[in-house]
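Below is one structure, written out as structure tokens; the observations come after it.
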Amino acid sequence: MAMFGRRRKKGTEGGDRPSVDGLSAERAVEAADAVVRLTTAELERLTELTQEMYEQGVRQQVLPSRARAALDSFDRSARYLDELCRARPDEPELWHMRGALLYSRATTQLALGLPGAAVADLGACVDAYERSALPNASLLAADALIRRARAHGEAGHPMAALADVDRAIGAYVTAGAYESPHPLLPDFARVLALAAAVQLKVGDTDQALACARQALARYQDLTRQRGGLGREEAGYMADAAGDTASRLEAVRGDWDAALAVDLVVREAAEAGLGGLGQALAREGLHLRLAGRERQAGPVLARAEALAPGSVAREEELAALPLPPSLAEALTAGEELLRDGRDVPLPLPLDEMVRLRVELTGHESYSASVRVRMGSTFAPKAALLAAVAELLLREGRVAQAWRVALETHLICDSIVRRAGDEAADLLPGLAGPWRDALEVASRAAVTAGRDSFVEDVAAASAELRATLGEKLGEKPGAALREA
């Protein structure tokens with residue numbers, strides 16, 4: 001693969017020694033223990049073996065039936081690369097190679113239902129790309145972050161997943177990829193499509209729909225600019241952006257919008273890019289729910305003929321409840337306050353209404369887009385934490401979780417983007433941030449979501465580390481245990 005550099009000829013210096021997999025056994029043992037000096041021939045052989053196993057894994061992972069074999073190939077490539085890195089620890093290109101290998105291995109791990117392993121590999125992948133010194137290192141890291149967001153989502157860790165979504169989108173926005181045309185347009189469309197799927201699974205439905213709409217708009221731009229989409233691009237368009245947009249437009253009762261997305265997905269499937277039976281089942285169901293029975297009948301019949309059971313699957317999916325968005329959760333909090341619930345608020349009710357509009361009254365894709373002035377957010381964070389506490393006390397667990405989660409994400413994004421100025425913001429943010437995490441932890445326990453509890457614990461540990469680094473707080477004082 002090009003990302004692994006050119007392959008070198010065997011034995012250009014010194015010839016090949018008797019070896020295991022082409023590397024002398026004694027050298028392999030030494031390389032496993034410490035930094036060693038290898039001959040040019042041995043280094044070339046290790047590089048060749050690393051690349052051969054990587055390319056073999058890439059070929060195998062295309063076929064679902066070969067996923068386990070692909071994982072084995074990537075594992076072997078990783079062992080050879082480890083030896084290379086021990087011999088040449090300061091070579092930036094090796095960090096690029098490591099990032100590419102870990103990204104591919106994590107993709108296979110996700111396909112095999114191993115999100116925990118994928119999270120670990122993608123974390124190391126982000127680090128490797130950041131150490132590669134490549135001009136596009138931040139965007140390569142962003143690609144790993146959006147993939148890790150999916151892995152966190154599969155593992156049931158919303159806080160970690162949505163923080164990665166925010167970082168990935170932010171990297172592409174910083175690079176100017178929101179413009180069209182732009183060289184990064186296909187990559188940004190993919191990131192937005194994956195962000196939509198992650199938001200739908202563990203995040204905010206309003207932001208999920210916003211990401212999906214933006215991804216679809218960019219894929220339409222690409223279609224106009226190039227005359228069509230590649231197979232991989234069409235997959236992200238239909239399976240991530242299209243699936244999310246269609247489902248959420250239908251939930252809102254905007255049938256024209258839902259059916260417009262269904263049409264795009266169906267046309268792609270008719271061109272051989274996606275499953276036609278499932279696309280027809282979704283479109284037919286939406287026609288029926290929109291009251292267009294005469295149009296729906298033939299479409300549903302064709303769907304069932306092509307993919308038996310597809311209509312029932314779509315009906316089950318459409319019946320699944322969706323979690324409340326931040327706007328819905330805050331509205332529920334306002335209703336409780338208007339009903340006279342006795343709760344001390346740091347700000348009056350009319351400020352709560354204004355805050356809801358500020359946070360949710362415009363299209364946003366992740367936490368960073370919600371707040372424009374981080375320096376003034378501390379009292380608003382305190383208000384959000386108080387509302388989350390009220391919602392939890394009144395048994396509105398899902399709404400309490402949403403408000404507490406989003407408060408954490410906003411605080412995290414503000415501090416991360418502040419850089420050296422974070423120390424000035426943390427004294428005001430720390431208290432309500434802690435309170436929000438405590439509410440989130442209790443909401444997760446109440447809901448019986450063990451993975452969410454783990455997620456909050458990890459976020460709390462990160463906050464303790466941040467306060468210790470920026471403010472010199474002792475770890476035990478940084479966050480009250482929930």
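FYI, nothing fancy with the structure tokens labels: chains A, B, ... in order, residues from 1 per chain, ligands from 1 as they appear.
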* To do: With a distance cut-off of 12 Å and only C-alpha atoms, select the neighbouring residues of Asp420 in chain A, excluding the residue or stretch itself and same-chain residues fewer than 4 positions from it, and output the selection as a ChimeraX atom specification.
  => /A:414-416,424-426,469-471
* Just the alpha helix (DSSP H) stuff from range 269-435 of chain A, please, per backbone DSSP, written as a ChimeraX atom specification. => /A:269-270,276-289,293-306,310-319,326-338,349-360,367-370,378-393,397-418,422-435
* Structure fact -> re CA of Ser246 in chain A and CA of Thr223 in chain A: distance 19.3 Å
* Asked: So, counting only C-alpha atoms, which residue among A:Arg402, A:Arg266, A:His157, A:Arg393 is closest to Leu326 in chain A?
  ->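 Answer, going by the shortest atom-to-atom distance: A:Arg402.
When CA of Gly153 in chain A is paired with CA of Ala458 in chain A, their separation reads 14.5 Å.
Atom to atom, CA of Asp75 in chain A and CA of Met53 in chain A stand 8.5 Å apart.
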* Asked: Looking at A:Val62, A:Met373, A:Ala144, A:Ala41, which one is nearest to Leu101 in chain A, with distances taken over only C-alpha atoms?
  ->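 The answer is A:Ala144, which sits nearest to Leu101 in chain A.
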* To do: For each of A:Glu283, A:Glu334, A:Glu421, A:Glu270, take the minimum atom-to-atom distance to Ala257 in chain A, counting only C-alpha atoms, then give the residue where this is smallest.
  => A:Glu283
* To do: Using only C-alpha atoms, find the one residue out of A:Leu337, A:Leu216, A:Leu63, A:Ala177 that sits nearest to Ala111 in chain A.
  => A:Leu63
* Would you list the contacts of Leu102 in chain A as number ranges by chain, taking every protein, DNA or RNA residue within 8 Å and counting only C-alpha atoms, but skipping same-chain residues closer than 5 positions in sequence? => A: 121-122, 124-125
For the residues selected in the previous step, produce a file with all heavy atoms as a short mmCIF file (atom, residue, chain, number, x, y, z; two decimals), in the first residue's frame.
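And here's selection08.cif as it stands now:
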data_model
loop_
_atom_site.label_atom_id
_atom_site.label_comp_id
_atom_site.auth_asym_id
_atom_site.auth_seq_id
_atom_site.Cartn_x
_atom_site.Cartn_y
_atom_site.Cartn_z
N ASP A 121 -6.80 0.10 19.86
CA ASP A 121 -5.97 0.28 18.66
C ASP A 121 -6.12 1.68 18.08
O ASP A 121 -5.15 2.28 17.62
CB ASP A 121 -6.34 -0.76 17.61
CG ASP A 121 -5.46 -2.01 17.70
OD1 ASP A 121 -4.65 -2.09 18.64
OD2 ASP A 121 -5.60 -2.90 16.84
N LEU A 122 -7.34 2.20 18.09
CA LEU A 122 -7.55 3.53 17.50
C LEU A 122 -6.97 4.62 18.37
O LEU A 122 -6.53 5.66 17.85
CB LEU A 122 -9.04 3.75 17.24
CG LEU A 122 -9.59 2.90 16.09
CD1 LEU A 122 -11.11 2.87 16.11
CD2 LEU A 122 -9.08 3.43 14.74
N ALA A 124 -4.16 4.25 20.05
CA ALA A 124 -2.75 4.19 19.67
C ALA A 124 -2.55 4.73 18.27
O ALA A 124 -1.49 5.33 17.97
CB ALA A 124 -2.26 2.75 19.76
N CYS A 125 -3.54 4.56 17.41
CA CYS A 125 -3.47 5.08 16.04
C CYS A 125 -3.42 6.60 16.05
O CYS A 125 -2.63 7.22 15.32
CB CYS A 125 -4.67 4.58 15.25
SG CYS A 125 -4.81 5.26 13.58
#
* Asked: What's the 9 Å shell around Phe452 in chain A, counting only C-alpha atoms, without same-chain residues fewer than 3 positions away, as a ChimeraX atom specification?
  -> /A:156-159,440-441,444-445,448-449,455-457
* Asked: Could you name the residues that touch His152 in chain A at 10 Å or less, counting only C-alpha atoms, but leaving out those on the same chain fewer than 6 positions away, as an NGL selection string?
  -> :A and (115-116 or 118-119 or 146 or 158-162 or 164 or 198 or 202 or 455)
With N, CA, C and O atoms kept, could you save the residues just selected as a PDB file, in the first residue's frame?
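So the final result, stored in part.pdb, reads:
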ATOM      1  N   PRO A 115     -15.400  -4.150  19.911  1.00  0.00           N
ATOM      2  CA  PRO A 115     -15.225  -2.699  20.034  1.00  0.00           C
ATOM      3  C   PRO A 115     -14.155  -2.294  21.040  1.00  0.00           C
ATOM      4  O   PRO A 115     -13.473  -1.286  20.858  1.00  0.00           O
ATOM      5  N   GLY A 116     -13.992  -3.077  22.120  1.00  0.00           N
ATOM      6  CA  GLY A 116     -12.979  -2.724  23.107  1.00  0.00           C
ATOM      7  C   GLY A 116     -11.584  -2.759  22.524  1.00  0.00           C
ATOM      8  O   GLY A 116     -10.766  -1.853  22.746  1.00  0.00           O
ATOM      9  N   ALA A 118     -10.889  -2.454  19.366  1.00  0.00           N
ATOM     10  CA  ALA A 118     -10.816  -1.379  18.374  1.00  0.00           C
ATOM     11  C   ALA A 118     -10.539  -0.031  19.038  1.00  0.00           C
ATOM     12  O   ALA A 118      -9.761   0.777  18.515  1.00  0.00           O
ATOM     13  N   VAL A 119     -11.163   0.226  20.183  1.00  0.00           N
ATOM     14  CA  VAL A 119     -10.922   1.477  20.910  1.00  0.00           C
ATOM     15  C   VAL A 119      -9.444   1.604  21.263  1.00  0.00           C
ATOM     16  O   VAL A 119      -8.825   2.661  21.088  1.00  0.00           O
ATOM     17  N   ILE A 146     -13.009   9.478  14.420  1.00  0.00           N
ATOM     18  CA  ILE A 146     -14.410   9.205  14.075  1.00  0.00           C
ATOM     19  C   ILE A 146     -14.653   7.694  14.055  1.00  0.00           C
ATOM     20  O   ILE A 146     -15.736   7.220  14.415  1.00  0.00           O
ATOM     21  N   PRO A 158     -21.180   6.651  25.569  1.00  0.00           N
ATOM     22  CA  PRO A 158     -21.593   7.861  24.842  1.00  0.00           C
ATOM     23  C   PRO A 158     -20.661   9.045  25.037  1.00  0.00           C
ATOM     24  O   PRO A 158     -20.399   9.791  24.087  1.00  0.00           O
ATOM     25  N   MET A 159     -20.204   9.283  26.261  1.00  0.00           N
ATOM     26  CA  MET A 159     -19.360  10.454  26.504  1.00  0.00           C
ATOM     27  C   MET A 159     -18.087  10.393  25.675  1.00  0.00           C
ATOM     28  O   MET A 159     -17.688  11.371  25.035  1.00  0.00           O
ATOM     29  N   ALA A 160     -17.436   9.240  25.687  1.00  0.00           N
ATOM     30  CA  ALA A 160     -16.207   9.081  24.910  1.00  0.00           C
ATOM     31  C   ALA A 160     -16.501   9.174  23.416  1.00  0.00           C
ATOM     32  O   ALA A 160     -15.754   9.809  22.660  1.00  0.00           O
ATOM     33  N   ALA A 161     -17.592   8.559  22.976  1.00  0.00           N
ATOM     34  CA  ALA A 161     -17.933   8.568  21.553  1.00  0.00           C
ATOM     35  C   ALA A 161     -18.180   9.985  21.043  1.00  0.00           C
ATOM     36  O   ALA A 161     -17.650  10.398  20.003  1.00  0.00           O
ATOM     37  N   LEU A 162     -18.979  10.745  21.780  1.00  0.00           N
ATOM     38  CA  LEU A 162     -19.365  12.077  21.311  1.00  0.00           C
ATOM     39  C   LEU A 162     -18.218  13.078  21.430  1.00  0.00           C
ATOM     40  O   LEU A 162     -18.138  14.029  20.646  1.00  0.00           O
ATOM     41  N   ASP A 164     -15.142  12.236  20.777  1.00  0.00           N
ATOM     42  CA  ASP A 164     -14.373  11.942  19.570  1.00  0.00           C
ATOM     43  C   ASP A 164     -15.039  12.526  18.332  1.00  0.00           C
ATOM     44  O   ASP A 164     -14.358  13.017  17.419  1.00  0.00           O
ATOM     45  N   VAL A 198     -23.263   7.770  14.753  1.00  0.00           N
ATOM     46  CA  VAL A 198     -22.899   7.725  16.172  1.00  0.00           C
ATOM     47  C   VAL A 198     -23.890   8.546  16.996  1.00  0.00           C
ATOM     48  O   VAL A 198     -24.343   8.115  18.061  1.00  0.00           O
ATOM     49  N   VAL A 202     -26.022   7.001  20.179  1.00  0.00           N
ATOM     50  CA  VAL A 202     -25.777   7.347  21.586  1.00  0.00           C
ATOM     51  C   VAL A 202     -25.866   8.839  21.875  1.00  0.00           C
ATOM     52  O   VAL A 202     -25.630   9.259  23.010  1.00  0.00           O
ATOM     53  N   ASP A 455     -18.459   4.682  31.522  1.00  0.00           N
ATOM     54  CA  ASP A 455     -18.148   5.847  30.695  1.00  0.00           C
ATOM     55  C   ASP A 455     -18.014   7.104  31.543  1.00  0.00           C
ATOM     56  O   ASP A 455     -17.072   7.891  31.385  1.00  0.00           O
TER      57      ASP A 455
END
